[in-house]
Structure formats: structure tokens, C-alpha cells
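Undergrad: Below is one structure. I have some questions about it.
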Amino acid sequence: QVQLVESGGGLVQPGGSLRLSCVASGSIFSINAMGWYRQAPGKQRDLVATITRGGSPNIADSVKGRFTISRNAANTVYLQMNSLKPEDTAVYYCRATLKNGMDYWGEGTLVTVSS
């Protein structure tokens, strides 16, 4: 079992930056990929970025060039968000996928981009 705790969300003006962190605990050596998803009010949860255990990133087209994902060892993943736009406003969720295919989710952290 894996527990995920996100942090780093908040209110930021358009054009600003935030860095989200997600720390995993529990069976961390069973984790394969980790990633970030987001859900805006009234919309479905969408992929933002994922990164494999080996460090290979996958970035959604909507944030490519503005967001980067990185991973520290086995249990921490970061999402650096630059040039934020109002449409980036959402709850951001961390996800961990284990080697056996099971998924775990964090509770989410709210990012609000507004002037």
C-alpha cells in the first residue's frame, strides 16, 4: 500500500509559478510511474504529466513548454509550473502506479490562477 501527500498549491497571479510536491510513503519500492493529474470544476480529471521510475517524462500538450515534472529517488515527484494561466486552475492530484498495476491517489492540492 502507498500513501501520497501533495503540497505546494495556492493562489498565484497569471504568469506566475508554483512547484507542487508529492511524497509517497509505504511500499515505495513497488512504485513504477508517478504523475500529476488535474480536475477543474465541472470537468473530468485529465493527465498533466507522468514520469517513470527511470525518469522518462510524458507531458500533456496543454502544458508542454510551461510545466516540467521531475522525480527524486523512489518516493517524491515534483511539478514545476511556470507561466500559469487562469485555465490551469484546478485541483491537482498525485498518482502512483505500482509494478503490479495498482493505482494510488493523493487527496489533491488546489491551484488557483487569478489576478
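Here's how to read the names in the C-alpha cells: chain A, B, ... by the order shown, residue numbers from 1 in each chain, ligand numbers from 1 in the order shown.
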Within 6 Å of stretch 106-111 of chain A, counting only C-alpha atoms, which residues qualify if same-chain residues fewer than 5 places away don't, as a PyMOL selection string?
TA: chain A and resi 4-5+9-10+89-94
Undergrad: So which bits of stretch 14-112 of chain A end up strand (DSSP E) when you DSSP the backbone, as a PyMOL selection string?
TA: chain A and resi 18-26+31-39+45-51+57-59+67-72+76-81+90-98+103-105+109-112
Undergrad: Could you turn the residues from that selection into a file that holds C-alpha atoms, as a PDB file, in the first residue's frame?
TA:
ATOM      1  CA  LEU A  18       4.299  27.263  -8.439  1.00  0.00           C
ATOM      2  CA  ARG A  19       6.008  24.000  -7.584  1.00  0.00           C
ATOM      3  CA  LEU A  20       3.939  21.069  -6.422  1.00  0.00           C
ATOM      4  CA  SER A  21       5.426  18.212  -4.443  1.00  0.00           C
ATOM      5  CA  CYS A  22       4.125  14.725  -3.831  1.00  0.00           C
ATOM      6  CA  VAL A  23       5.717  12.471  -1.260  1.00  0.00           C
ATOM      7  CA  ALA A  24       4.948   8.776  -1.213  1.00  0.00           C
ATOM      8  CA  SER A  25       5.224   6.512   1.796  1.00  0.00           C
ATOM      9  CA  GLY A  26       4.589   2.846   2.382  1.00  0.00           C
ATOM     10  CA  ILE A  31       6.181   2.204  -7.357  1.00  0.00           C
ATOM     11  CA  ASN A  32       6.749   2.302 -11.082  1.00  0.00           C
ATOM     12  CA  ALA A  33       5.387   5.550 -12.517  1.00  0.00           C
ATOM     13  CA  MET A  34       4.253   8.679 -10.696  1.00  0.00           C
ATOM     14  CA  GLY A  35       2.388  11.610 -12.106  1.00  0.00           C
ATOM     15  CA  TRP A  36       0.088  14.566 -11.829  1.00  0.00           C
ATOM     16  CA  TYR A  37      -3.484  14.924 -12.958  1.00  0.00           C
ATOM     17  CA  ARG A  38      -5.857  17.837 -12.584  1.00  0.00           C
ATOM     18  CA  GLN A  39      -9.566  18.369 -12.350  1.00  0.00           C
ATOM     19  CA  ARG A  45      -9.733  14.572 -14.391  1.00  0.00           C
ATOM     20  CA  ASP A  46      -7.002  14.954 -17.015  1.00  0.00           C
ATOM     21  CA  LEU A  47      -3.388  13.938 -17.303  1.00  0.00           C
ATOM     22  CA  VAL A  48      -0.854  16.703 -16.731  1.00  0.00           C
ATOM     23  CA  ALA A  49       2.429  14.829 -16.605  1.00  0.00           C
ATOM     24  CA  THR A  50       3.870  11.479 -15.636  1.00  0.00           C
ATOM     25  CA  ILE A  51       7.358  10.173 -15.083  1.00  0.00           C
ATOM     26  CA  PRO A  57       8.603  12.119 -18.679  1.00  0.00           C
ATOM     27  CA  ASN A  58       5.325  12.414 -20.505  1.00  0.00           C
ATOM     28  CA  ILE A  59       3.831  15.912 -20.634  1.00  0.00           C
ATOM     29  CA  PHE A  67       5.314  22.608 -16.879  1.00  0.00           C
ATOM     30  CA  THR A  68       8.075  20.157 -16.067  1.00  0.00           C
ATOM     31  CA  ILE A  69       7.985  17.001 -13.994  1.00  0.00           C
ATOM     32  CA  SER A  70      10.866  15.558 -12.038  1.00  0.00           C
ATOM     33  CA  ARG A  71      11.383  12.757  -9.584  1.00  0.00           C
ATOM     34  CA  ASN A  72      13.654  12.419  -6.599  1.00  0.00           C
ATOM     35  CA  THR A  76       8.988  12.159  -4.424  1.00  0.00           C
ATOM     36  CA  VAL A  77       7.701  13.767  -7.580  1.00  0.00           C
ATOM     37  CA  TYR A  78       7.599  17.466  -8.396  1.00  0.00           C
ATOM     38  CA  LEU A  79       5.631  19.529 -10.857  1.00  0.00           C
ATOM     39  CA  GLN A  80       7.182  22.871 -11.739  1.00  0.00           C
ATOM     40  CA  MET A  81       4.529  25.114 -13.217  1.00  0.00           C
ATOM     41  CA  ALA A  90      -7.823  23.042 -10.823  1.00  0.00           C
ATOM     42  CA  VAL A  91      -7.284  20.546  -8.075  1.00  0.00           C
ATOM     43  CA  TYR A  92      -4.029  18.762  -8.821  1.00  0.00           C
ATOM     44  CA  TYR A  93      -3.774  15.111  -7.847  1.00  0.00           C
ATOM     45  CA  CYS A  94      -0.721  12.922  -7.484  1.00  0.00           C
ATOM     46  CA  ARG A  95      -0.919   9.355  -8.728  1.00  0.00           C
ATOM     47  CA  ALA A  96       1.396   6.418  -8.174  1.00  0.00           C
ATOM     48  CA  THR A  97       1.219   3.281 -10.281  1.00  0.00           C
ATOM     49  CA  LEU A  98       2.767   0.180  -8.813  1.00  0.00           C
ATOM     50  CA  ASP A 103      -3.005   2.864  -8.659  1.00  0.00           C
ATOM     51  CA  TYR A 104      -2.994   5.144  -5.647  1.00  0.00           C
ATOM     52  CA  TRP A 105      -4.099   8.749  -5.498  1.00  0.00           C
ATOM     53  CA  THR A 109      -3.977  20.307  -3.800  1.00  0.00           C
ATOM     54  CA  LEU A 110      -5.818  23.329  -5.152  1.00  0.00           C
ATOM     55  CA  VAL A 111      -4.129  25.655  -7.612  1.00  0.00           C
ATOM     56  CA  THR A 112      -5.912  28.922  -8.348  1.00  0.00           C
TER      57      THR A 112
END
Undergrad: State, in Å with one decimal place, the distance from atom CA of A:Gln13 to atom CA of A:Gln44.
TA: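 Going from atom CA of A:Gln13 over to atom CA of A:Gln44, I get 24.0 Å.
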Undergrad: Looking at A:Val2, A:Pro41, A:Val113, A:Ser56, which one is nearest to A:Pro86, with distances taken over only C-alpha atoms?
TA: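 Once distances to A:Pro86 are computed over only C-alpha atoms, the minimum belongs to A:Val113.
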